[in-house]
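Peer 1: mmCIF, C-alpha atoms and all ligand atoms, saved as data.cif, coming up:
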```cif
data_final
#
loop_
_atom_site.label_atom_id
_atom_site.label_comp_id
_atom_site.auth_asym_id
_atom_site.auth_seq_id
_atom_site.Cartn_x
_atom_site.Cartn_y
_atom_site.Cartn_z
CA MET A 138 112.92 104.67 178.27
CA GLU A 139 114.67 104.85 174.92
CA GLN A 140 114.46 108.33 173.34
CA ILE A 141 112.43 108.42 170.13
CA SER A 142 112.23 111.31 167.70
CA THR A 143 108.97 113.17 167.20
CA GLU A 144 109.09 112.20 163.53
CA THR A 145 109.30 108.49 164.33
CA ALA A 146 106.37 108.83 166.70
CA LEU A 147 104.28 110.74 164.13
CA ASP A 148 105.13 108.11 161.49
CA ALA A 149 103.65 105.43 163.75
CA ILE A 150 100.25 107.19 163.83
CA PRO A 151 97.85 105.83 161.17
CA LEU A 152 96.23 109.26 160.60
CA ALA A 153 97.70 111.51 157.84
CA LEU A 154 99.49 114.39 159.65
CA PHE A 155 101.05 117.55 158.23
CA LEU A 156 103.16 120.01 160.16
CA LEU A 157 102.69 123.33 158.38
CA GLY A 158 104.87 126.42 158.76
CA PRO A 159 104.22 130.03 157.70
CA GLY A 160 102.81 130.33 154.18
CA ARG A 161 101.31 126.83 154.65
CA ARG A 162 104.64 125.26 153.74
CA VAL A 163 104.85 121.57 154.59
CA ARG A 164 107.60 121.11 157.19
CA PHE A 165 106.83 117.47 157.75
CA ALA A 166 104.37 114.87 156.48
CA ASN A 167 104.11 111.57 158.36
CA ARG A 168 104.15 108.13 156.75
CA ALA A 169 100.32 107.89 156.51
CA ALA A 170 100.27 111.30 154.74
CA ARG A 171 102.99 110.22 152.30
CA GLU A 172 101.16 106.96 151.62
CA MET A 173 97.94 108.82 150.97
CA PHE A 174 99.27 111.74 148.90
CA GLY A 175 102.68 110.56 147.64
CA ASP A 176 106.04 112.12 148.50
CA ILE A 177 105.84 115.78 149.30
CA PRO A 178 109.04 117.84 148.76
CA ALA A 179 110.28 119.69 151.86
CA GLN A 180 108.77 123.19 152.18
CA ALA A 181 106.29 122.53 149.34
CA PRO A 182 103.13 124.64 149.65
CA PHE A 183 100.30 122.58 151.16
CA VAL A 184 98.00 123.67 148.32
CA ARG A 185 99.94 121.20 146.14
CA VAL A 186 98.62 118.40 148.33
CA LEU A 187 95.00 119.52 148.58
CA ARG A 188 93.42 122.68 147.24
CA HIS A 189 90.01 122.55 148.87
CA PRO A 190 89.16 126.07 150.16
CA ASP A 191 87.65 124.78 153.46
CA CYS A 192 90.79 122.82 154.25
CA LEU A 193 93.05 125.75 153.37
CA ALA A 194 90.96 128.13 155.51
CA LEU A 195 91.18 125.67 158.41
CA ALA A 196 94.98 125.53 158.11
CA ASP A 197 95.21 129.33 157.88
CA ALA A 198 93.11 129.81 161.02
CA ALA A 199 95.40 127.47 163.00
CA LEU A 200 98.49 129.21 161.61
CA ARG A 201 97.04 132.50 162.91
CA GLY A 202 96.86 130.86 166.33
CA GLN A 203 93.08 130.35 166.47
CA ALA A 204 91.63 127.56 168.63
CA PRO A 205 91.70 123.98 167.23
CA ASP A 206 88.89 123.39 164.75
CA GLU A 207 87.70 120.76 162.29
CA THR A 208 85.82 120.47 159.01
CA GLU A 209 84.69 117.85 156.51
CA PHE A 210 85.06 118.23 152.76
CA THR A 211 84.99 116.21 149.55
CA VAL A 212 87.62 116.34 146.80
CA ARG A 213 87.64 114.91 143.27
CA HIS A 214 91.43 114.74 142.88
CA PRO A 215 93.64 112.75 143.02
CA HIS A 216 90.59 110.49 143.47
CA PRO A 217 87.10 111.18 144.87
CA ALA A 218 87.26 111.12 148.67
CA THR A 219 85.73 112.76 151.73
CA PHE A 220 88.04 113.88 154.53
CA ARG A 221 87.63 115.00 158.10
CA ALA A 222 90.35 117.58 158.77
CA ARG A 223 91.46 118.88 162.17
CA ALA A 224 93.91 121.74 162.66
CA THR A 225 95.69 122.58 165.91
CA PRO A 226 97.82 125.72 166.33
CA LEU A 227 101.40 125.23 167.54
CA THR A 228 103.95 127.97 168.14
CA GLY A 229 104.61 129.44 164.68
CA ALA A 230 103.12 126.36 163.01
CA ALA A 231 99.99 124.20 162.72
CA LEU A 232 99.37 120.50 162.89
CA LEU A 233 96.81 119.36 160.33
CA SER A 234 95.34 115.85 160.44
CA LEU A 235 93.34 114.32 157.60
CA GLN A 236 91.15 111.26 157.98
CA ASP A 237 89.62 109.61 154.92
CA ILE A 238 85.99 109.10 155.92
CA SER A 239 84.72 108.10 152.45
CA ALA A 240 83.66 104.61 153.61
CA GLU A 241 81.75 106.09 156.59
CA VAL A 242 79.97 108.58 154.31
CA ALA A 243 79.12 105.83 151.81
CA ALA A 244 77.70 103.66 154.63
CA VAL A 245 75.49 106.51 155.86
CA SER A 246 74.15 107.18 152.38
CA MET A 247 73.58 103.45 151.78
CA ARG A 248 71.64 103.27 155.03
CA SER A 249 69.41 106.21 154.15
CA GLU A 250 68.89 104.85 150.63
CA PHE A 251 67.90 101.52 152.19
CA VAL A 252 65.41 103.17 154.57
CA ALA A 253 63.94 105.16 151.65
CA ASN A 254 63.57 101.94 149.63
CA VAL A 255 61.92 100.02 152.47
CA SER A 256 59.51 102.89 153.14
CA HIS A 257 58.63 103.08 149.46
CA GLU A 258 58.08 99.32 149.22
CA LEU A 259 55.81 99.32 152.28
CA ARG A 260 53.95 102.48 151.39
CA SER A 261 52.26 101.24 148.21
CA PRO A 262 50.57 98.17 149.71
CA LEU A 263 49.69 100.17 152.82
CA THR A 264 48.11 102.94 150.74
CA SER A 265 46.09 100.35 148.89
CA VAL A 266 44.88 98.69 152.13
CA LEU A 267 43.93 102.06 153.65
CA GLY A 268 42.07 102.98 150.46
CA PHE A 269 39.97 99.80 150.55
CA ILE A 270 39.24 100.20 154.27
CA GLU A 271 37.90 103.67 153.53
CA THR A 272 35.76 102.34 150.69
CA LEU A 273 34.38 99.54 152.87
CA LEU A 274 33.57 101.95 155.70
CA ALA A 275 31.86 104.38 153.33
CA ASN A 276 29.75 101.67 151.68
CA PRO A 277 28.46 99.35 154.39
CA GLU A 278 25.68 98.21 152.07
CA ALA A 279 27.98 97.18 149.21
CA PRO A 280 27.07 93.79 147.65
CA PRO A 281 28.83 90.83 149.31
CA GLU A 282 30.75 89.90 146.11
CA GLU A 283 32.16 93.41 145.90
CA ARG A 284 33.17 93.35 149.59
CA LYS A 285 34.79 89.95 149.08
CA ARG A 286 36.78 91.23 146.09
CA GLN A 287 38.04 94.22 148.06
CA LEU A 288 38.93 92.09 151.09
CA GLU A 289 40.86 89.71 148.84
CA ILE A 290 42.90 92.57 147.42
CA MET A 291 43.60 93.77 150.97
CA GLN A 292 44.67 90.27 151.94
CA GLY A 293 47.08 90.14 148.96
CA GLU A 294 48.62 93.49 149.89
CA ALA A 295 48.94 92.55 153.57
CA ARG A 296 50.62 89.30 152.57
CA ARG A 297 53.04 91.24 150.41
CA MET A 298 53.99 93.44 153.40
CA ASN A 299 54.40 90.31 155.49
CA ARG A 300 56.72 88.76 152.88
CA LEU A 301 58.71 91.96 152.73
CA ILE A 302 59.23 92.04 156.49
CA SER A 303 60.17 88.31 156.57
CA GLY A 304 62.63 88.90 153.71
CA LEU A 305 64.23 91.84 155.49
CA LEU A 306 64.53 89.93 158.77
CA SER A 307 65.98 86.95 156.99
CA LEU A 308 68.48 89.14 155.16
CA SER A 309 69.65 90.88 158.33
CA ARG A 310 70.02 87.54 160.15
CA ILE A 311 72.12 86.10 157.33
CA GLU A 312 74.24 89.26 157.11
CA ALA A 313 74.84 89.23 160.86
CA GLU A 314 76.39 85.76 160.73
CA GLU A 315 78.04 86.07 157.33
CA LYS A 316 81.54 85.95 158.83
CA LEU A 317 80.70 82.68 160.58
CA ARG A 318 81.33 79.93 158.06
CA PRO A 319 78.89 77.04 158.52
CA GLU A 320 80.47 73.66 159.18
CA ALA A 321 77.74 71.04 159.49
CA PRO A 322 77.93 68.33 156.81
CA VAL A 323 75.11 68.72 154.31
CA ARG A 324 74.32 66.35 151.43
CA PRO A 325 73.11 68.53 148.55
CA ALA A 326 71.59 65.53 146.72
CA ALA A 327 69.16 64.78 149.57
CA LEU A 328 68.47 68.46 150.20
CA LEU A 329 67.59 69.09 146.54
CA ARG A 330 65.41 65.98 146.37
CA ASP A 331 63.34 67.12 149.39
CA LEU A 332 63.06 70.62 148.06
CA CYS A 333 61.93 69.50 144.60
CA ALA A 334 59.36 67.17 146.15
CA THR A 335 57.94 70.14 148.09
CA LEU A 336 57.84 72.51 145.14
CA ARG A 337 56.79 70.02 142.42
CA PRO A 338 53.03 70.26 143.10
CA ARG A 339 53.24 74.02 142.64
CA ALA A 340 55.07 73.62 139.32
CA GLU A 341 52.65 70.94 138.13
CA ALA A 342 49.65 73.05 139.08
CA SER A 343 50.77 75.47 136.37
CA GLY A 344 51.38 72.64 133.89
CA ARG A 345 55.16 72.60 134.23
CA ALA A 346 57.69 69.96 135.20
CA LEU A 347 60.31 70.36 137.91
CA ILE A 348 63.11 67.98 136.97
CA LEU A 349 65.96 66.96 139.26
CA ASP A 350 69.11 65.71 137.57
CA CYS A 351 71.38 64.22 140.21
CA PRO A 352 73.92 61.50 139.23
CA GLN A 353 73.93 58.46 141.52
CA GLU A 354 77.64 58.85 142.34
CA LEU A 355 77.01 62.28 143.91
CA GLU A 356 74.53 60.91 146.48
CA GLY A 357 77.25 60.83 149.15
CA LEU A 358 78.78 64.23 148.29
CA GLU A 359 78.97 66.45 151.40
CA ILE A 360 79.55 70.14 151.80
CA PRO A 361 80.08 72.18 154.98
CA GLY A 362 76.89 74.15 155.22
CA ASP A 363 73.79 75.39 156.95
CA ALA A 364 71.00 73.13 155.70
CA ASP A 365 68.19 75.62 156.38
CA GLN A 366 69.95 78.43 154.57
CA LEU A 367 70.92 76.19 151.64
CA THR A 368 67.28 75.15 151.34
CA GLN A 369 66.25 78.81 151.41
CA LEU A 370 68.83 79.56 148.70
CA PHE A 371 67.62 76.89 146.27
CA VAL A 372 63.93 77.48 147.06
CA ASN A 373 64.46 81.11 146.05
CA LEU A 374 66.09 80.08 142.77
CA VAL A 375 63.43 77.49 141.92
CA GLU A 376 60.61 79.88 142.90
CA ASN A 377 62.19 82.50 140.63
CA ALA A 378 62.30 80.06 137.72
CA LEU A 379 58.62 79.28 138.37
CA ALA A 380 57.63 82.94 138.82
CA HIS A 381 59.71 84.54 136.08
CA GLY A 382 60.43 81.65 133.71
CA GLY A 383 57.26 81.90 131.62
CA ASP A 384 55.73 78.45 131.02
CA SER A 385 59.10 76.70 130.85
CA ASP A 386 59.94 73.52 132.74
CA VAL A 387 62.57 73.95 135.45
CA ILE A 388 65.68 71.80 135.67
CA VAL A 389 67.71 71.51 138.85
CA SER A 390 71.03 69.71 138.42
CA LEU A 391 73.86 68.77 140.74
CA GLY A 392 77.45 68.38 139.54
CA ARG A 393 80.97 68.29 140.92
CA ALA A 394 84.15 69.99 139.64
CA ASP A 395 87.78 70.18 140.74
CA SER A 396 87.64 73.97 140.97
CA ALA A 397 85.50 76.94 140.00
CA PRO A 398 86.15 80.62 139.26
CA GLY A 399 87.39 82.12 142.56
CA ILE A 400 87.42 78.81 144.45
CA ALA A 401 90.62 76.79 144.66
CA GLY A 402 89.47 73.32 145.73
CA PRO A 403 86.74 70.93 144.58
CA VAL A 404 83.19 72.24 144.44
CA ALA A 405 79.61 71.11 144.24
CA CYS A 406 77.75 72.91 141.47
CA VAL A 407 73.99 73.33 141.58
CA CYS A 408 72.33 74.75 138.51
CA VAL A 409 68.72 75.97 138.35
CA ALA A 410 67.74 76.51 134.74
CA ASP A 411 64.63 77.52 132.85
CA ASP A 412 63.88 78.15 129.23
CA GLY A 413 61.74 81.21 129.85
CA PRO A 414 61.94 84.82 128.65
CA GLY A 415 65.39 85.38 130.20
CA ILE A 416 66.89 88.65 131.42
CA ALA A 417 68.42 91.55 129.44
CA PRO A 418 72.20 91.96 130.01
CA GLU A 419 71.87 95.41 131.63
CA HIS A 420 69.82 93.86 134.44
CA VAL A 421 71.88 90.72 135.04
CA ALA A 422 74.69 92.41 137.01
CA ARG A 423 72.22 94.19 139.30
CA LEU A 424 69.79 91.35 140.08
CA THR A 425 71.29 90.60 143.50
CA GLU A 426 70.79 94.19 144.73
CA ARG A 427 68.00 94.55 147.27
CA PHE A 428 64.65 95.45 145.71
CA TYR A 429 66.04 95.20 142.18
CA ARG A 430 63.55 93.78 139.68
CA ALA A 431 64.16 93.44 135.97
CA ASP A 432 60.51 94.23 135.29
CA PRO A 433 59.29 96.19 138.34
CA ALA A 434 55.62 96.56 137.38
CA ARG A 435 55.11 92.91 136.49
CA THR A 436 57.06 91.34 139.33
CA ARG A 437 55.68 93.68 141.98
CA SER A 438 52.13 92.92 140.93
CA ALA A 439 53.04 89.22 141.12
CA GLY A 440 53.87 89.82 144.80
CA GLY A 441 57.68 89.80 144.43
CA THR A 442 59.69 91.73 146.99
CA GLY A 443 62.94 91.89 144.99
CA LEU A 444 64.80 90.51 148.02
CA GLY A 445 65.09 86.86 146.93
CA LEU A 446 68.38 87.12 145.05
CA ALA A 447 69.91 89.46 147.66
CA ILE A 448 69.26 86.67 150.18
CA VAL A 449 70.77 84.14 147.74
CA LYS A 450 73.91 86.27 147.36
CA HIS A 451 74.48 86.51 151.12
CA ILE A 452 73.90 82.80 151.74
CA VAL A 453 76.38 81.95 148.95
CA ALA A 454 78.92 84.40 150.45
CA ARG A 455 78.50 82.86 153.92
CA HIS A 456 79.31 79.46 152.40
CA ARG A 457 82.38 80.97 150.66
CA GLY A 458 80.80 80.02 147.34
CA ARG A 459 80.16 81.79 144.04
CA LEU A 460 77.01 82.62 142.11
CA ARG A 461 76.99 82.87 138.30
CA ILE A 462 73.99 84.11 136.34
CA GLU A 463 73.79 83.38 132.63
CA SER A 464 70.86 84.69 130.67
CA ALA A 465 69.83 86.49 127.52
CA PRO A 466 66.41 87.71 126.35
CA GLY A 467 64.45 84.81 124.91
CA ARG A 468 67.14 82.30 125.89
CA GLY A 469 66.08 81.34 129.43
CA ALA A 470 68.12 81.78 132.60
CA ARG A 471 70.72 79.64 134.38
CA PHE A 472 71.67 80.34 137.97
CA ARG A 473 74.72 78.34 138.97
CA VAL A 474 75.91 78.09 142.56
CA PHE A 475 79.40 76.75 143.32
CA LEU A 476 79.97 75.59 146.89
CA PRO A 477 83.27 74.29 148.29
CA VAL A 478 83.08 70.65 149.37
CA PHE A 479 84.86 69.15 152.39
CA PRO A 480 88.57 68.64 151.70
CA ALA A 481 89.33 65.03 150.78
CA PRO A 482 90.21 63.00 153.89
CA ARG A 483 93.99 62.78 154.22
CA THR A 484 95.39 59.30 153.68
CA ALA A 485 98.30 58.27 155.87
N1 LIG B 1 64.61 82.72 136.23
C1 LIG B 1 64.40 84.01 135.96
N2 LIG B 1 64.01 84.42 134.72
C2 LIG B 1 63.81 85.73 134.44
N3 LIG B 1 63.95 86.73 135.34
C3 LIG B 1 64.35 86.40 136.58
C4 LIG B 1 64.60 85.04 136.96
N4 LIG B 1 64.98 85.03 138.25
C5 LIG B 1 64.98 86.31 138.66
N5 LIG B 1 64.58 87.14 137.67
C6 LIG B 1 64.49 88.62 137.73
O1 LIG B 1 65.25 89.04 138.84
C7 LIG B 1 64.47 89.88 139.69
C8 LIG B 1 64.97 89.76 141.11
O2 LIG B 1 64.66 88.47 141.66
P1 LIG B 1 64.41 88.33 143.22
O3 LIG B 1 64.25 86.90 143.53
O4 LIG B 1 65.48 89.09 143.92
O5 LIG B 1 63.06 89.14 143.46
P2 LIG B 1 61.55 88.71 143.12
O6 LIG B 1 61.53 87.29 142.64
O7 LIG B 1 60.97 89.77 142.25
O8 LIG B 1 60.87 88.82 144.55
P3 LIG B 1 60.71 87.61 145.63
O9 LIG B 1 61.96 86.78 145.52
O10 LIG B 1 60.50 88.27 146.89
O11 LIG B 1 59.49 86.85 145.20
C9 LIG B 1 63.05 89.44 139.47
O12 LIG B 1 62.15 90.47 139.78
C10 LIG B 1 63.05 89.11 137.98
O13 LIG B 1 62.86 90.29 137.23
MG MG B 2 62.47 85.78 143.86
#
```
Turn the structure described in the file into structure tokens.
Ligand SMILES: Nc1ncnc2c1ncn2[C@@H]1O[C@H](COP(=O)(O)OP(=O)(O)OP(=O)(O)O)[C@@H](O)[C@H]1O
Ligand SMILES: [Mg+2]

Peer 2:
Amino acid sequence: MEQISTETALDAIPLALFLLGPGRRVRFANRAAREMFGDIPAQAPFVRVLRHPDCLALADAALRGQAPDETEFTVRHPHPATFRARATPLTGAALLSLQDISAEVAAVSMRSEFVANVSHELRSPLTSVLGFIETLLANPEAPPEERKRQLEIMQGEARRMNRLISGLLSLSRIEAEEKLRPEAPVRPAALLRDLCATLRPRAEASGRALILDCPQELEGLEIPGDADQLTQLFVNLVENALAHGGDSDVIVSLGRADSAPGIAGPVACVCVADDGPGIAPEHVARLTERFYRADPARTRSAGGTGLGLAIVKHIVARHRGRLRIESAPGRGARFRVFLPVFPAPRTA
């Protein structure tokens, strides 16, 4: 086998490695270490690379010949990051490895934040249901109208929990297959027509019109998609316009463009617009976060879970599309979805 130098071998390892001599002087830093911390002059003190006391103590212990050990620490400079450091004693030296585990740490904190959010969202309806059960048990002789009122509130809260669970399941299913781009041909014109026909009675019941604007020449337009998910996407947007758009009519329109921001080829553009109260700019950027509501008290009491737009975002991402939200207080809201269409058939 061809002889290779230790330095070449260490350079091939993706983990940042430092060989430290007495006085924590850097004898060697591998390629990953140089990429992470910049060039380090020969024999420079390691404290110039990182000055976290836990990391320095770990290096010192290994230099004194103590057994291999590891620690985790967070630094602010040169940029905020969390590292897992391992130090191994060598004769008269120490080998220190540093792994940037910031993404891992962020994922763990996102997961616990998510669990805390779900628990909070489920706890309030559950507390309310338990409260009414107690009241009903304590007052078996309560008048029937009063019992009916309490049972109806319980039913509303239970339905809210049910919607929350369905939303979460739906979100996790979409996320699980997000890398898998859907390929079945879908005609957005027909899909939007069916969807508007289904939702129109609900709009009209509250005295509002649901208008579909779809030019005849786009009837045959096809996009690679998942019809069920696309329906779910646009139902969420239309339901939002009906739920949050005041007493405004809702207009759904289909268009086509040669390109869109972030998409190279031709796109189908579906716009769901209302003329309702709109959304303040500080909320717009955060609307697609799970459980985010621009007006928590009002939308929660209206039964909203705050998951609708998170689902929309993931369905759009799975279709390699883009979502644009334009709104201002008092000026209505426009949710535009750009979806790549099938490439034009090649002509010989
Ligand atoms: N057309 C709209 N006009 C004004 N505000 C809107 C509109 N669409 C969405 N919003 C705001 O965005 C928030 C997030 O919407 P999202 O669909 O994620 O949740 P939700 O509608 O509250 O709950 P769910 O979708 O489960 O019913 C809403 O709570 C509302 O404050
Ligand atoms: Mg919604």

Peer 1: Report as number ranges by chain all protein, DNA and RNA residues lying within 6 Å of A:Thr225, evaluated on all atoms listed in the file, omitting residues in the same chain fewer than 5 positions from it.

Peer 2: A: 199, 205, 231-232

Peer 1: Kindly provide, as a PyMOL selection string, the polymer residues lying within 12 Å of (90.3, 120.5, 166.9), counting only C-alpha atoms and using the coordinates exactly as they appear in the file.

Peer 2: chain A and resi 195-196+198-199+203-208+221-226+231-235

Peer 1: Atom CA of A:Leu332 to atom CA of A:Ala401: how many Å, to one decimal?

Peer 2: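 Those two atoms sit 28.4 Å apart.
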
Peer 1: Could you give me, as a PyMOL selection string, the residues that have an atom at most 12 Å away from the point (69.9, 78.9, 146.2) in the coordinates of the file, using only C-alpha atoms?

Peer 2: chain A and resi 325+328-329+332+363-378+389+406-410+445-454+456+458-462+471-476

Peer 1: Point out the residue among A:Ala149, A:Leu355, A:Val184, A:Ala465 with the least atom-to-atom distance to A:Glu419, counting only C-alpha atoms.

Peer 2: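 Looking at the shortest contact to A:Glu419, the residue is A:Ala465.
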
Peer 1: Produce as JSON, numbers by chain the set of residues near ligand LIG 1 (chain B), where near means within 9 Å with all atoms listed in the file considered.

Peer 2: {"A": [297, 300, 301, 304, 373, 374, 375, 376, 377, 378, 379, 380, 381, 382, 383, 409, 410, 411, 412, 413, 414, 415, 416, 417, 420, 421, 423, 424, 425, 426, 427, 428, 429, 430, 431, 432, 433, 435, 436, 437, 439, 440, 441, 442, 443, 444, 445, 446, 447, 448, 449, 464, 466, 469, 470, 471, 472]}

Peer 1: So which residues touch A:Glu172 within 12 Å, counting all atoms listed in the file, skipping near sequence neighbours fewer than 5 positions away, as a PDB file with C-alpha atoms, keeping the file's coordinate frame?

Peer 2:
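File produced: around-v4.pdb:
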```
ATOM      1  CA  ASP A 148     105.130 108.110 161.490  1.00  0.00           C
ATOM      2  CA  PRO A 151      97.850 105.830 161.170  1.00  0.00           C
ATOM      3  CA  LEU A 152      96.230 109.260 160.600  1.00  0.00           C
ATOM      4  CA  ALA A 153      97.700 111.510 157.840  1.00  0.00           C
ATOM      5  CA  LEU A 154      99.490 114.390 159.650  1.00  0.00           C
ATOM      6  CA  ALA A 166     104.370 114.870 156.480  1.00  0.00           C
ATOM      7  CA  ASN A 167     104.110 111.570 158.360  1.00  0.00           C
ATOM      8  CA  ILE A 177     105.840 115.780 149.300  1.00  0.00           C
TER       9      ILE A 177
END
```
